[in-house]
Structures are given as C-alpha cells and as structure tokens.
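K.L.:
This is the structure I have questions about; it appears just below.
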Amino acid sequence: MNWGQLLSLKRYGDTEKRERHKQDETRMGFDVDYDRILFSSPFRSLQDKTQVMPLPVNMAAKKNFVHSRLTHSLEVSVVARSLGRRVGLQILHKYPELANQGFHFNDFGAITAAASLAHDIGNPPFGHSGEKAIGSYFKNGNGNRFKSELSTKQYQDLAEFEGNANGFKLLVESKAGIPGGNRLSYATLGAFLKYPKASFPKKPTSDVSDKKFGFFQSQQEFFLELAEDLGLERKSGEGIRYRRHPLAFLVEAADDICYTIIDFEDGINLGLISEDYALEYLINLVKDTINIKKFNQIKGGQERLAYLRAMAIGNLINDTCSIFLSNEEEILKGDFEVSLLKHSKYKAQTDDIIKLCIDKVYRSDEVVEKELAGYRILKNLLDASTNTLMNFSNEETNQYDELLLQTLGLEPLGKDCSTYDILLTAATFVAGLSDSAAVHLNGMISGNRI
C-alpha cells in the first residue's frame, strides 16, 4: 500500500481523479466529509442512543452528564483529529512527494476526524446488546424461518448483524435521487472500515481486522471498487478479506482511548465507582507526567477528575502516535495485526480501568435492565417490520399491514425483491431507530400506548 493512493479524494460516481493541489483550501474535500456526516439524520439520532448507561439515567439527575453515542462520537473525533495531524506531520517529512502533490498534515487529521465521527453511526439502539438482539432474532428467533431462502453469506450478514457493516451501508447506499449516499471521499471510507471483510468466514484469523466484518453482501460491489481504488491489499484464503487502511488503526485507537477513559468517568459520575478509588487508577496512568503541585491546588473532586482525564488522554495520544510511526512501514505492508493500544506502555493501567468498568459499570443493574428490555423491544419490532414487508412483497396484505407500515414509517419493497433484501431492510430499519423511538413504536404496535 502507498500513501498516494490511500489519501484518495475520489467520490462515488467520479470519472476523473480529484487532485489534492486543485482542492479549495477553505473547504477541503475531507472537511466536506465531516460536514456531510454531522448533518445527516443517522448521526443526529445518536443523541438518543445508549453509549453504555441507559438514557435517561435517574442517578445522573443528581450527578454530572453521561455520554450518548453522539457525545462519544464527537469526543472520539477530536482525539482522532489530534492523532491524524501528529502522524501526518511525520509522514509528510518521510514522504516529501506527498507534499509536492499538495497534501498537508491537516488532511490526515480531517480524514480520521470524519471517519471517527461516523464510527458508531450504524449501531442499533440499546447499546451493544442491540446488535446481539438483532443477530439473535435471525439465528435463534422468528427470523430463523427464512434461513433456507438465503445463501450462507446472506444468512451470516443477518445472524451476526454488525453495526460497522450497517454504518458502511448508511454512508454509501444509493437512494432515490441520492446516488452514492453521502458520497464521502474514498480515503475517509477506507479509514472508517476497521474490518474490511465480508461476514463469512467468521473470525478466520487472530488479525484484529478479522475480528468483525465491515460490509453486507448488498454493498460488496462498491466495497471492492473502494478497496481497489485505495490499493488495499487483499488477503489470501477464503472469503473477501483485505488489509486495513492504515488510518483505520488511528480511528480504532481514538475509540479505544475514549471509551476506556470516558466510560470510567461516567461510572464515577453515576456513583458506580468510588471517586477516591477512581482517582488512584487515573493517577497511575499519568504518574510520569502529572504536575503534582498543580493537582494539589485543585480542590473539587470533579475538577480533579477532569484534570486527570485530560492528562490521561494526552498521554495515550502521544503513546499511540509513537507506536503508529514506529510501525508505519509494517502497517503499510499489511503485517501489523493488532490494535495500536496492544503495544501501549500504559496497557497494564488501561486494562485495570477496563476491568473495573466491566465489574462496576457494564454489569450494573441499570445497564442489564436496559439490555433485557432492548431484546424484547427489538424482537417485537423485527417481527412487525419483517412480517409486513414480506406480506407486501407477496401481495398478501391486509388493513393491519397498511396501518403498521404507516406507523413504522417504512416503504414497501417491490414484489421482485429478494428475501435477503427484505430482511436486511427490516434489520437496518430497526437498527436505525433511537432508543426512545424504539420504545415508542413498540408501545404503539403492542397497544400499550392506547
């Protein structure tokens, strides 16, 4: 792989190459990507999607704010921008031909910021359990009855439903009058794809890019075009699998940094983790760089926490950049197969924080209750949307189906649509709902809101 190709400004439908030196410096192509994501409906819906703690949180009324998917995505984007800029500055020094083509170190930051802004855009309501609930519906629930009508790969898309693949679909899927969806630059889409592989085979290797999958069968053709344009290296063996775009490692690292530190902070703000206990964990992470005199002058617990959080994120950013640049050639060759933070000198400290979050936050009563309710709600919505779309396709509708379609806000698919298209439409529709919208619709179709 080479940086000249990897920084492609091409967009869906382009017939000619977009050259960097011809870009409008007041609103660069990669900046346009950020704007298009920010103003999109799927991104805005993240304000009402659970990050970790359910929304609203009763305990939070007496505490500080907790994160939604939207605030988490904004923070990841900021961290990714810093990572991209710092890395980009060194890459331009190493490869001066990129500067001759007009590339700037800010371009790296703009790409990683845009890709990170979108990194959770395809995630269903109710946190990570939403993905599992949708997959479970097709694997073990009522959706399993369609298995014989699907290919192995199509069934895998549904039974292992993946928010990353759904996000890619949202970003690139053509709609009536909107060819190419958001029409983002290929560089940003490449950085977004942390898992550049199809759903089958599942986890064929220990390579971090094989951990999940990044596109549905419905987007395979465009994915292959994207991978070819960027010059991503295809892996040998079964299935469609590629090496990551190098900047995808920075997007992943930004997410890892934020959820490690910020989920921890939310747990403290909600009283799930002792404040004194937590400060000790964070001090262990910043002990080599902390200004003890300044820290001791800070009186309030919240102010001390904010100071340590900023220091911790700063340390992890610096460390991540060093790891990336030390392994840049290996990454370009496709020989780097773990996340950047696996090599972090702070790994022991972040592992301790994650373990505490698992015990005290992710398994808290409010989180578990929300996940249980999410399973039931998403099952009901998948039953309703799947059945009515199937009935319309088979021309077997009744008045109930028409009312349900109107209530859900779904458009019927044509009678020539495949079972896969219908089921994926139902799954992605449900995945696109916010937490409150899912609860509201479930109440309407179950008759509990009359």
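Note on naming: chains are A, B, ... as they come in the structure tokens, residues start from 1 per chain, ligands start from 1 in the order shown.
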Got a sec: who's within 8 Å of Gly432 in chain A, counting only C-alpha atoms, leaving out chain neighbours fewer than 3 positions off, as a PyMOL selection string?
P.N.:
chain A and resi 42+45+122-125+428-429
K.L.:
With C-alpha atoms kept, could you save the residues just selected as a tab-separated table (two decimals), in the first residue's frame?
P.N.:
```
chain	number	residue	atom	x	y	z
A	42	PRO	CA	-28.41	8.88	11.20
A	45	SER	CA	-30.16	10.12	16.00
A	122	GLY	CA	-24.70	2.17	12.26
A	123	ASN	CA	-25.09	0.96	15.83
A	124	PRO	CA	-28.61	-0.10	16.90
A	125	PRO	CA	-30.46	1.25	19.95
A	428	THR	CA	-31.40	-1.88	9.24
A	429	PHE	CA	-34.68	-0.04	9.84
```
K.L.:
From a DSSP calculation on the backbone, collect every residue of range 103-151 of chain A in alpha helix (DSSP H) and output the set as a list in words.
P.N.:
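Put together, the selection reads Phe105, Asn106, Asp107, Phe108, Gly109, Ala110, Ile111, Thr112, Ala113, Ala114, Ala115, Ser116, Leu117, His128, Ser129, Gly130, Glu131, Lys132, Ala133, Ile134, Gly135, Ser136, Tyr137, Phe138 and Lys139 of chain A.
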K.L.:
If I take CA of Leu279 in chain A and CA of Ala254 in chain A, how far is one from the other in Å, to one decimal?
P.N.:
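CA of Ala254 in chain A lies at a distance of 22.0 Å from CA of Leu279 in chain A.
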K.L.:
Out of A:Leu381, A:Leu405, A:Ile261, A:Ala426, which residue has the shortest atom-to-atom distance to Ile313 in chain A when counting only C-alpha atoms?
P.N.:
A:Ile261
K.L.:
Skipping near chain neighbours, those fewer than 4 positions away, what residues fall within 8 Å of Gly130 in chain A using only C-alpha atoms, listed as a PyMOL selection string?
P.N.:
chain A and resi 123-126+134+371+374-375+378+431
K.L.:
Only N, CA and C atoms, please: the residues just picked out, written as a tab-separated table (two decimals), in the first residue's frame.
P.N.:
```tsv
chain	number	residue	atom	x	y	z
A	123	ASN	N	-24.77	1.76	14.66
A	123	ASN	CA	-25.09	0.96	15.83
A	123	ASN	C	-26.57	1.04	16.20
A	124	PRO	N	-27.19	-0.08	16.54
A	124	PRO	CA	-28.61	-0.10	16.90
A	124	PRO	C	-28.87	0.57	18.24
A	125	PRO	N	-30.13	0.73	18.62
A	125	PRO	CA	-30.46	1.25	19.95
A	125	PRO	C	-30.07	0.27	21.05
A	126	PHE	N	-30.04	0.76	22.27
A	126	PHE	CA	-29.79	-0.04	23.48
A	126	PHE	C	-28.37	-0.60	23.58
A	134	ILE	N	-30.53	-8.20	17.41
A	134	ILE	CA	-30.91	-8.36	16.00
A	134	ILE	C	-30.35	-9.67	15.46
A	371	GLU	N	-30.70	-3.61	28.71
A	371	GLU	CA	-30.39	-4.60	27.69
A	371	GLU	C	-31.49	-5.66	27.59
A	374	GLY	N	-34.30	-4.14	25.85
A	374	GLY	CA	-33.95	-3.96	24.44
A	374	GLY	C	-34.16	-5.22	23.62
A	375	TYR	N	-33.81	-6.36	24.17
A	375	TYR	CA	-34.02	-7.63	23.47
A	375	TYR	C	-35.49	-7.82	23.14
A	378	LEU	N	-36.75	-5.00	20.50
A	378	LEU	CA	-36.25	-5.20	19.14
A	378	LEU	C	-36.85	-6.45	18.49
A	431	ALA	N	-32.37	-1.07	13.38
A	431	ALA	CA	-31.08	-0.59	13.87
A	431	ALA	C	-30.99	0.93	13.82
```
K.L.:
Given the choices A:Leu98, A:Ile317, A:Ile292, A:Leu170, which gets closest to Leu7 in chain A if the distance is worked out from only C-alpha atoms?
P.N.:
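Looking only at the distances to Leu7 in chain A, the closest residue turns out to be A:Leu98.
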K.L.:
Any idea what's packed within 8 Å of Thr350 in chain A, counting only C-alpha atoms, ignoring anything in its chain fewer than 4 positions away? Could you give it as a PyMOL selection string?
P.N.:
chain A and resi 260+285+346+354
K.L.:
Put those residues in a file: C-alpha atoms, as a compact mmCIF listing (two decimals), in the first residue's frame.
P.N.:
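Saved the output as part_29.txt:
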```
# COMPACT_ATOMS: atom_id res chain seq x y z
CA THR A 260 -11.61 3.44 28.27
CA LEU A 285 -1.91 6.33 34.27
CA TYR A 346 0.13 2.10 29.51
CA ILE A 354 -11.42 -1.61 31.72
```
K.L.:
CA of Asp421 in chain A and CA of Leu382 in chain A, how far apart in Å?
P.N.:
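Straight-line distance from CA of Leu382 in chain A to CA of Asp421 in chain A works out to 14.2 Å.
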K.L.:
Counting only C-alpha atoms, what is within 10 Å of Phe223 in chain A, bar same-chain residues fewer than 3 positions away, as a ChimeraX atom specification?
P.N.:
/A:168,172,189-190,193,196-198,214-220,226-229,240
K.L.:
Generate the output file for the selected residues, C-alpha atoms, as a CSV table (one decimal), in the first residue's frame.
P.N.:
```csv
chain,number,residue,atom,x,y,z
A,168,PHE,CA,-21.0,1.5,5.9
A,172,VAL,CA,-22.7,4.6,0.8
A,189,LEU,CA,-14.5,5.5,3.9
A,190,GLY,CA,-11.2,3.5,4.0
A,193,LEU,CA,-13.5,0.4,7.6
A,196,PRO,CA,-12.5,-4.7,5.6
A,197,LYS,CA,-14.0,-8.1,5.2
A,198,ALA,CA,-17.3,-9.9,4.5
A,214,GLY,CA,-17.4,-4.3,7.7
A,215,PHE,CA,-19.9,-4.6,4.8
A,216,PHE,CA,-23.1,-6.5,3.9
A,217,GLN,CA,-23.4,-8.5,0.7
A,218,SER,CA,-25.6,-5.7,-0.6
A,219,GLN,CA,-22.6,-3.4,-0.6
A,220,GLN,CA,-20.0,-5.9,-1.8
A,226,LEU,CA,-13.3,1.2,-3.0
A,227,ALA,CA,-10.6,-1.3,-2.0
A,228,GLU,CA,-9.1,-1.3,-5.5
A,229,ASP,CA,-9.0,2.5,-5.7
A,240,ILE,CA,-13.3,-11.4,0.7
```
K.L.:
If we count only C-alpha atoms, what is near Asp335 in chain A at a cut-off of 12 Å, once residues fewer than 4 positions away on the same chain are taken out, given as a list in words?
P.N.:
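Returned residues: Met1, Asp207, Val208, Ser209, Glu233, Lys235, Tyr242, Arg243, Arg244, Pro246, Asn327, Glu328, Glu329, Glu330 and Ile331 of chain A.
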K.L.:
Give me a file of those residues, with C-alpha atoms, as a PDB file, in the first residue's frame.
P.N.:
```pdb
ATOM      1  CA  MET A   1       0.000   0.000   0.000  1.00  0.00           C
ATOM      2  CA  ASP A 207      -5.721 -10.452  12.967  1.00  0.00           C
ATOM      3  CA  VAL A 208      -7.653  -7.567  14.544  1.00  0.00           C
ATOM      4  CA  SER A 209      -9.126  -6.680  11.123  1.00  0.00           C
ATOM      5  CA  GLU A 233      -4.035  -5.461  -0.057  1.00  0.00           C
ATOM      6  CA  LYS A 235      -5.652 -11.357   1.970  1.00  0.00           C
ATOM      7  CA  TYR A 242      -8.437  -7.069   2.953  1.00  0.00           C
ATOM      8  CA  ARG A 243      -5.700  -5.435   4.976  1.00  0.00           C
ATOM      9  CA  ARG A 244      -6.785  -2.300   6.778  1.00  0.00           C
ATOM     10  CA  PRO A 246      -3.533   2.456   7.891  1.00  0.00           C
ATOM     11  CA  ASN A 327       5.365   0.514  12.888  1.00  0.00           C
ATOM     12  CA  GLU A 328       4.324   2.601   9.867  1.00  0.00           C
ATOM     13  CA  GLU A 329       6.193   0.538   7.290  1.00  0.00           C
ATOM     14  CA  GLU A 330       4.871  -2.703   8.744  1.00  0.00           C
ATOM     15  CA  ILE A 331       1.349  -1.247   8.695  1.00  0.00           C
TER      16      ILE A 331
END
```
K.L.:
So, with only C-alpha atoms as the atoms that count, which of A:Tyr420, A:Gly271, A:Asn100, A:Asp352 lies closest to Ser148 in chain A?
P.N.:
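Distance minimum relative to Ser148 in chain A lands on A:Tyr420.
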K.L.:
Need to verify the contact set: Lys360 in chain A, 8 Å, only C-alpha atoms, exclusion of same-chain residues closer than 3 positions in sequence. Can you return it as a list in words?
P.N.:
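Final neighbour list, sorted by chain and number: Gly267, Leu272, Ile273, Leu356, Cys357, Arg363 and Ser364 of chain A.
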K.L.:
Please compute the CA of Leu340 in chain A-CA of Val361 in chain A distance, one decimal, in Å.
P.N.:
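Separation between CA of Leu340 in chain A and CA of Val361 in chain A: 24.7 Å.
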K.L.:
Which of range 98-325 of chain A counts as strand (DSSP E or B) under DSSP, as a PyMOL selection string please?
P.N.:
chain A and resi 175+178+197+234+241-242
K.L.:
I need the residues from that last selection saved to file as a CSV table (one decimal), in the first residue's frame (with C-alpha atoms), if you can.
P.N.:
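And here is the file that came out, part-v8.csv:
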```
chain,number,residue,atom,x,y,z
A,175,LYS,CA,-31.4,6.0,-2.6
A,178,ILE,CA,-29.3,10.3,-3.9
A,197,LYS,CA,-14.0,-8.1,5.2
A,234,ARG,CA,-6.3,-8.5,-0.4
A,241,ARG,CA,-10.8,-10.0,3.2
A,242,TYR,CA,-8.4,-7.1,3.0
```
K.L.:
Which is closest to Ala159 in chain A among A:Met444, A:Gln51, A:Ala118, A:Ala427, if we use only C-alpha atoms?
P.N.:
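Counting only C-alpha atoms, the residue closest to Ala159 in chain A is A:Ala427.
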K.L.:
So which one's closest to Gly237 in chain A, A:Phe200, A:Glu225, A:Val338, A:Asn391? Using only C-alpha atoms, please.
P.N.:
A:Phe200
K.L.:
Can you work out which one of A:Tyr12, A:Lys194, A:Phe264, A:Arg36 has the shortest atom-to-atom distance to Ile353 in chain A, counting only C-alpha atoms?
P.N.:
A:Phe264
